[in-house]
>>> print(open('input.txt').read())   # compact mmCIF, C-alpha atoms
# COMPACT_ATOMS: atom_id res chain seq x y z
CA MET S 1 -9.67 22.40 -4.38
CA ILE S 2 -12.22 23.94 -6.68
CA VAL S 3 -9.64 24.56 -9.41
CA GLY S 4 -8.32 21.01 -9.05
CA GLY S 5 -11.83 19.61 -9.30
CA LEU S 6 -12.55 21.63 -12.41
CA VAL S 7 -9.29 20.48 -13.99
CA ALA S 8 -10.15 16.85 -13.16
CA PHE S 9 -13.55 17.23 -14.83
CA ALA S 10 -11.97 18.92 -17.87
CA VAL S 11 -9.49 16.06 -18.23
CA CYS S 12 -12.36 13.58 -17.93
CA MET S 13 -14.37 15.31 -20.65
CA GLN S 14 -11.30 15.29 -22.89
CA GLN S 15 -10.85 11.57 -22.27
CA VAL S 16 -14.52 10.88 -22.97
CA ALA S 17 -14.24 12.77 -26.26
CA ALA S 18 -11.09 10.79 -27.15
CA HIS S 19 -12.82 7.50 -26.24
CA VAL S 20 -10.22 6.56 -23.63
CA ALA S 21 -10.96 3.34 -21.75
CA ASP S 22 -12.67 3.95 -18.39
CA PRO S 23 -12.34 7.73 -18.03
CA PHE S 24 -14.65 7.79 -15.00
CA ARG S 25 -12.28 5.64 -12.94
CA GLN S 26 -9.53 8.13 -13.73
CA LEU S 27 -11.88 10.98 -12.80
CA ARG S 28 -12.53 9.39 -9.41
CA ALA S 29 -8.81 8.93 -8.85
CA ASN S 30 -8.05 12.53 -9.86
CA LEU S 31 -10.79 13.90 -7.60
CA ALA S 32 -9.48 11.77 -4.74
CA ARG S 33 -6.00 13.22 -5.30
CA VAL S 34 -7.46 16.74 -5.18
CA ILE S 35 -9.28 15.97 -1.92
CA LEU S 36 -6.13 14.49 -0.37
CA LEU S 37 -4.13 17.55 -1.38
CA GLY S 38 -6.80 19.79 0.14
CA LEU S 39 -6.68 17.82 3.41
CA GLU S 40 -2.89 18.18 3.51
CA VAL S 41 -3.13 21.94 2.96
CA LEU S 42 -5.70 22.24 5.76
CA ILE S 43 -3.45 20.26 8.13
CA ILE S 44 -0.52 22.56 7.31
CA ALA S 45 -2.72 25.62 7.88
CA ASP S 46 -3.79 24.29 11.28
CA ILE S 47 -0.19 23.60 12.27
CA ILE S 48 0.90 27.10 11.29
CA ARG S 49 -2.05 28.63 13.14
CA THR S 50 -1.23 26.63 16.27
CA ILE S 51 2.44 27.64 16.15
CA LEU S 52 1.96 31.32 15.34
CA VAL S 53 -1.33 32.35 16.90
CA ASP S 54 -2.41 30.20 19.80
CA GLN S 55 0.44 28.54 21.69
CA SER S 56 -1.31 26.60 24.41
CA LEU S 57 -1.52 22.97 25.44
CA GLU S 58 -5.23 22.94 24.61
CA SER S 59 -4.63 24.15 21.05
CA VAL S 60 -1.95 21.48 20.55
CA GLY S 61 -4.41 18.82 21.73
CA VAL S 62 -7.10 20.12 19.39
CA LEU S 63 -4.57 20.16 16.55
CA GLY S 64 -3.64 16.54 17.27
CA LEU S 65 -7.31 15.54 17.21
CA ILE S 66 -7.89 17.38 13.93
CA VAL S 67 -4.86 15.70 12.34
CA VAL S 68 -6.07 12.25 13.45
CA ILE S 69 -9.56 12.91 12.07
CA ARG S 70 -8.17 14.10 8.73
CA ILE S 71 -5.87 11.08 8.49
CA VAL S 72 -8.87 8.79 9.00
CA LEU S 73 -10.81 10.76 6.38
CA SER S 74 -7.97 10.34 3.89
CA PHE S 75 -8.39 6.54 3.84
CA SER S 76 -11.43 6.73 1.57
CA PRO S 77 -9.80 8.80 -1.21
CA GLU S 78 -6.70 6.59 -1.05
CA GLY S 79 -8.94 3.60 -1.64
CA GLU S 80 -10.42 5.33 -4.68
CA ILE S 81 -6.96 6.03 -6.09
CA ASP S 82 -5.45 2.58 -5.55
CA GLY S 83 -8.58 0.49 -5.86
CA ALA S 84 -8.03 -1.08 -2.43
CA CYS S 85 -7.80 -0.06 1.19
CA PRO S 86 -4.45 1.50 2.17
CA TRP S 87 -3.55 -1.40 4.46
CA ASN S 88 -3.97 -3.85 1.53
CA GLY S 89 -1.45 -2.09 -0.70
CA TRP S 90 1.20 -4.74 -0.12
CA ARG S 91 -1.15 -7.36 -1.57
CA LEU S 92 -1.71 -5.33 -4.72
CA ARG S 93 2.02 -4.79 -5.18
CA SER S 94 2.77 -8.51 -4.77
CA VAL S 95 0.07 -9.43 -7.32
CA GLN S 96 1.42 -6.85 -9.77
CA ARG S 97 4.97 -8.18 -9.34
CA ALA S 98 3.74 -11.73 -9.93
CA GLU S 99 1.89 -10.65 -13.07
CA THR S 100 4.96 -8.77 -14.32
CA SER S 101 7.27 -11.72 -13.74
CA THR S 102 4.79 -14.09 -15.41
CA ALA S 103 4.45 -11.79 -18.42
CA GLY S 104 8.24 -11.54 -18.69
CA ALA S 105 8.61 -15.33 -18.57
CA GLU S 106 6.07 -15.78 -21.38
CA ASP S 107 8.09 -13.60 -23.80
>>> encode(input="input.txt", output="structure tokens")
Amino acid sequence: MIVGGLVAFAVCMQQVAAHVADPFRQLRANLARVILLGLEVLIIADIIRTILVDQSLESVGVLGLIVVIRIVLSFSPEGEIDGACPWNGWRLRSVQRAETSTAGAED
């Protein structure tokens, strides 16, 4: 996660130097992607630990609780990436399709 964060900041500084439009929004999206990837890696590590090390019903329950908590925590970075809450994604896609079809009709 640290390397990904540093890369995201390096890309942002490069975009600032190149005068790219809204580099900070892209930085937030890149950092959110890094955080989501880190959460996925931690979930995989917990699953492997539960399977290999501690095979009990209690550890499976704890694993399920951890996975649910991390899924809830992933909603915020997804909102930063898409610009809307995950459950509103269908609205964004329908607006984008409408804009695309309108732009195609104008040509």
>>> residues_around(input="input.txt", residues="stretch 28-43 of chain S", least_positions_apart="3", cutoff="9 Å", atoms="all atoms listed in the file", output="number ranges by chain")
S: 1-2, 4-5, 8-9, 23-25, 46-48, 63, 66-67, 70-71, 73-74, 76-83
>>> atom_distance(input="input.txt", atom1="atom CA of S:Ala10", atom2="atom CA of S:Gln26")
11.8 Å
>>> atom_distance(input="input.txt", atom1="atom CA of S:Leu27", atom2="atom CA of S:Leu6")
10.7 Å
>>> atom_distance(input="input.txt", atom1="atom CA of S:Ile69", atom2="atom CA of S:Val3")
24.4 Å
